[in-house]
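All remarks here apply to the structure that follows.
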Amino acid sequence: MSIIENGRKKSPWIYHVNTGSCNGCDIELVALLGPRYDIERFGVKLAGSPRHADIVVVTGPVTSQSRDRMLRVLAQVPEPKVIVSIGSCPASCNVFKGSYSVDGPLDKWTNVDITVAGCAPKPEAIAKGILEAIELLNKKREEYEYV
């Protein structure tokens, strides 16, 4: 294992995509970056660009307005990647199901690797989901052949 691969294994970057949420899950996700939960102690950083991300975190039901943007973002994330849905909205559209503007759930448009349930899930649950995503990412990297 090269130095770069070892460094990438211990410092996954996440990119957050809001696909029309009420911001409840977004607030809980931001709480992970603060001093109380400090998800950065596990090496997790918030990426500014999907091209730098390893893990994509999606919140909210997929609306017709956000669908194309979300698909473009997911296409920009390099392989191997892990997609994490946070909250009930990406999984089932929750109270927004049947709305004229909702085009979800998320698994209709992409493969979801990890689902964190709840409305809004607690930061501890989100942290657990991200740590599971890190384990899955490392397994995918072992299977993935670098060119």
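We label chains A, B, ... in the order they appear in the structure tokens, count residues from 1 in each chain, and number ligands from 1 in the order shown.
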
Contacts of stretch 51-125 of chain A with stretch 15-22 of chain A up to 6 Å, shortest pair per row, only C-alpha atoms, as a tab-separated table:
```
residue	atom	partner	partner_atom	distance
A:Ala53	CA	A:Tyr15	CA	5.7
A:Val56	CA	A:Tyr15	CA	4.9
A:Val57	CA	A:His16	CA	4.8
A:Val58	CA	A:Val17	CA	4.9
A:Thr59	CA	A:Asn18	CA	5.0
A:Gly60	CA	A:Ser21	CA	3.7
A:Pro61	CA	A:Gly20	CA	5.8
A:Val62	CA	A:Thr19	CA	5.0
A:Thr63	CA	A:Gly20	CA	5.9
A:Ser66	CA	A:Thr19	CA	5.4
```

>> Using DSSP assignments from the backbone, pull out every residue in stretch 46-139 of chain A that falls under alpha helix (DSSP H) and give it to me as JSON, numbers by chain.
In response: {"A": [67, 68, 69, 70, 71, 72, 73, 74, 75, 76, 88, 89, 90, 91, 92, 123, 124, 125, 126, 127, 128, 129, 130, 131, 132, 133, 134, 135, 136, 137, 138, 139]}

Go ahead and dump the residues you just picked, C-alpha atoms, as a PDB file, in the first residue's frame.
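Saved the output as result_6.pdb:
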```
ATOM      1  CA  ARG A  67     -32.826  15.818  -9.330  1.00  0.00           C
ATOM      2  CA  ASP A  68     -30.617  16.823 -12.268  1.00  0.00           C
ATOM      3  CA  ARG A  69     -28.186  18.717 -10.037  1.00  0.00           C
ATOM      4  CA  MET A  70     -27.918  15.720  -7.709  1.00  0.00           C
ATOM      5  CA  LEU A  71     -27.221  13.364 -10.622  1.00  0.00           C
ATOM      6  CA  ARG A  72     -24.520  15.717 -11.953  1.00  0.00           C
ATOM      7  CA  VAL A  73     -22.906  15.870  -8.507  1.00  0.00           C
ATOM      8  CA  LEU A  74     -22.945  12.082  -8.133  1.00  0.00           C
ATOM      9  CA  ALA A  75     -21.381  11.688 -11.576  1.00  0.00           C
ATOM     10  CA  GLN A  76     -18.504  13.964 -10.538  1.00  0.00           C
ATOM     11  CA  SER A  88     -36.569   9.539   6.301  1.00  0.00           C
ATOM     12  CA  CYS A  89     -36.979  11.797   3.283  1.00  0.00           C
ATOM     13  CA  PRO A  90     -34.367  10.256   0.952  1.00  0.00           C
ATOM     14  CA  ALA A  91     -35.582   6.768   1.872  1.00  0.00           C
ATOM     15  CA  SER A  92     -39.345   7.234   1.590  1.00  0.00           C
ATOM     16  CA  PRO A 123     -25.983  13.239  15.432  1.00  0.00           C
ATOM     17  CA  GLU A 124     -24.834  10.011  17.078  1.00  0.00           C
ATOM     18  CA  ALA A 125     -26.797   7.976  14.517  1.00  0.00           C
ATOM     19  CA  ILE A 126     -25.410  10.033  11.647  1.00  0.00           C
ATOM     20  CA  ALA A 127     -21.872   9.563  12.983  1.00  0.00           C
ATOM     21  CA  LYS A 128     -22.456   5.805  13.185  1.00  0.00           C
ATOM     22  CA  GLY A 129     -23.699   5.808   9.583  1.00  0.00           C
ATOM     23  CA  ILE A 130     -20.660   7.752   8.394  1.00  0.00           C
ATOM     24  CA  LEU A 131     -18.318   5.380  10.227  1.00  0.00           C
ATOM     25  CA  GLU A 132     -20.090   2.444   8.522  1.00  0.00           C
ATOM     26  CA  ALA A 133     -19.634   4.276   5.228  1.00  0.00           C
ATOM     27  CA  ILE A 134     -15.902   4.581   5.919  1.00  0.00           C
ATOM     28  CA  GLU A 135     -15.653   0.825   6.474  1.00  0.00           C
ATOM     29  CA  LEU A 136     -17.594   0.163   3.272  1.00  0.00           C
ATOM     30  CA  LEU A 137     -15.425   2.646   1.359  1.00  0.00           C
ATOM     31  CA  ASN A 138     -12.262   0.870   2.495  1.00  0.00           C
ATOM     32  CA  LYS A 139     -13.716  -2.483   1.370  1.00  0.00           C
TER      33      LYS A 139
END
```

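Among the candidates A:Leu29, A:Val112, A:Val77, A:Val82, the one nearest to A:Ile55 when counting only C-alpha atoms is A:Val82.
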
> Taking the backbone alone, and naming residues the way the document does, which bits of stretch 31-124 of chain A are strand (DSSP E or B) by DSSP, as an MDAnalysis selection string?
Replying inline: chainID A and resid 45:46 55:59 63 82:86 102 114:116

Write out as a PDB file with N, CA and C atoms, in the first residue's frame the residues lying within 10 Å of A:Lys45, counting only C-alpha atoms and excluding same-chain residues fewer than 2 positions away.
```
ATOM      1  N   SER A  11      -8.486   9.304   5.946  1.00  0.00           N
ATOM      2  CA  SER A  11      -9.059  10.653   5.905  1.00  0.00           C
ATOM      3  C   SER A  11     -10.090  10.784   4.786  1.00  0.00           C
ATOM      4  N   PRO A  12     -11.236  10.147   4.945  1.00  0.00           N
ATOM      5  CA  PRO A  12     -12.286  10.260   3.917  1.00  0.00           C
ATOM      6  C   PRO A  12     -12.933  11.645   3.939  1.00  0.00           C
ATOM      7  N   TRP A  13     -13.250  12.131   2.771  1.00  0.00           N
ATOM      8  CA  TRP A  13     -13.914  13.425   2.642  1.00  0.00           C
ATOM      9  C   TRP A  13     -15.363  13.187   2.252  1.00  0.00           C
ATOM     10  N   ILE A  14     -16.250  13.964   2.869  1.00  0.00           N
ATOM     11  CA  ILE A  14     -17.670  13.838   2.558  1.00  0.00           C
ATOM     12  C   ILE A  14     -18.145  15.095   1.837  1.00  0.00           C
ATOM     13  N   TYR A  15     -19.122  14.897   0.985  1.00  0.00           N
ATOM     14  CA  TYR A  15     -19.758  16.010   0.286  1.00  0.00           C
ATOM     15  C   TYR A  15     -21.253  15.919   0.574  1.00  0.00           C
ATOM     16  N   LEU A  33     -19.730  18.405  12.971  1.00  0.00           N
ATOM     17  CA  LEU A  33     -18.471  19.094  12.718  1.00  0.00           C
ATOM     18  C   LEU A  33     -18.043  19.978  13.879  1.00  0.00           C
ATOM     19  N   ILE A  39     -16.596  14.887  14.470  1.00  0.00           N
ATOM     20  CA  ILE A  39     -16.415  13.775  13.533  1.00  0.00           C
ATOM     21  C   ILE A  39     -15.033  13.838  12.873  1.00  0.00           C
ATOM     22  N   GLU A  40     -14.402  15.000  12.930  1.00  0.00           N
ATOM     23  CA  GLU A  40     -13.071  15.138  12.332  1.00  0.00           C
ATOM     24  C   GLU A  40     -12.020  14.318  13.074  1.00  0.00           C
ATOM     25  N   ARG A  41     -12.300  13.886  14.283  1.00  0.00           N
ATOM     26  CA  ARG A  41     -11.331  13.050  15.009  1.00  0.00           C
ATOM     27  C   ARG A  41     -11.137  11.707  14.318  1.00  0.00           C
ATOM     28  N   PHE A  42     -12.080  11.328  13.451  1.00  0.00           N
ATOM     29  CA  PHE A  42     -11.955  10.107  12.668  1.00  0.00           C
ATOM     30  C   PHE A  42     -11.337  10.376  11.303  1.00  0.00           C
ATOM     31  N   GLY A  43     -10.901  11.603  11.068  1.00  0.00           N
ATOM     32  CA  GLY A  43     -10.286  11.964   9.792  1.00  0.00           C
ATOM     33  C   GLY A  43     -11.267  12.466   8.765  1.00  0.00           C
ATOM     34  N   ALA A  47     -15.807  18.131   2.149  1.00  0.00           N
ATOM     35  CA  ALA A  47     -15.188  18.518   0.882  1.00  0.00           C
ATOM     36  C   ALA A  47     -15.950  19.678   0.271  1.00  0.00           C
ATOM     37  N   GLY A  48     -15.230  20.574  -0.365  1.00  0.00           N
ATOM     38  CA  GLY A  48     -15.850  21.713  -1.026  1.00  0.00           C
ATOM     39  C   GLY A  48     -16.298  21.404  -2.435  1.00  0.00           C
ATOM     40  N   ALA A  53     -14.482  14.321  -3.146  1.00  0.00           N
ATOM     41  CA  ALA A  53     -15.202  13.553  -2.124  1.00  0.00           C
ATOM     42  C   ALA A  53     -15.034  12.046  -2.301  1.00  0.00           C
TER      43      ALA A  53
END
```

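From atom CA of A:Gly34 back to atom CA of A:Ile83, the distance works out to 22.4 Å.
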
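Atom CA of A:Ser99 is found 22.3 Å from atom CA of A:Thr115.
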
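For the atom pair formed by atom CA of A:Val102 and atom CA of A:Gln65, the distance is 8.6 Å, given to one decimal.
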
>> Which residue is closest to A:Cys119? Choose from A:Leu32, A:Val44, A:Cys25, A:Cys93 and count only C-alpha atoms.
In response: A:Cys25
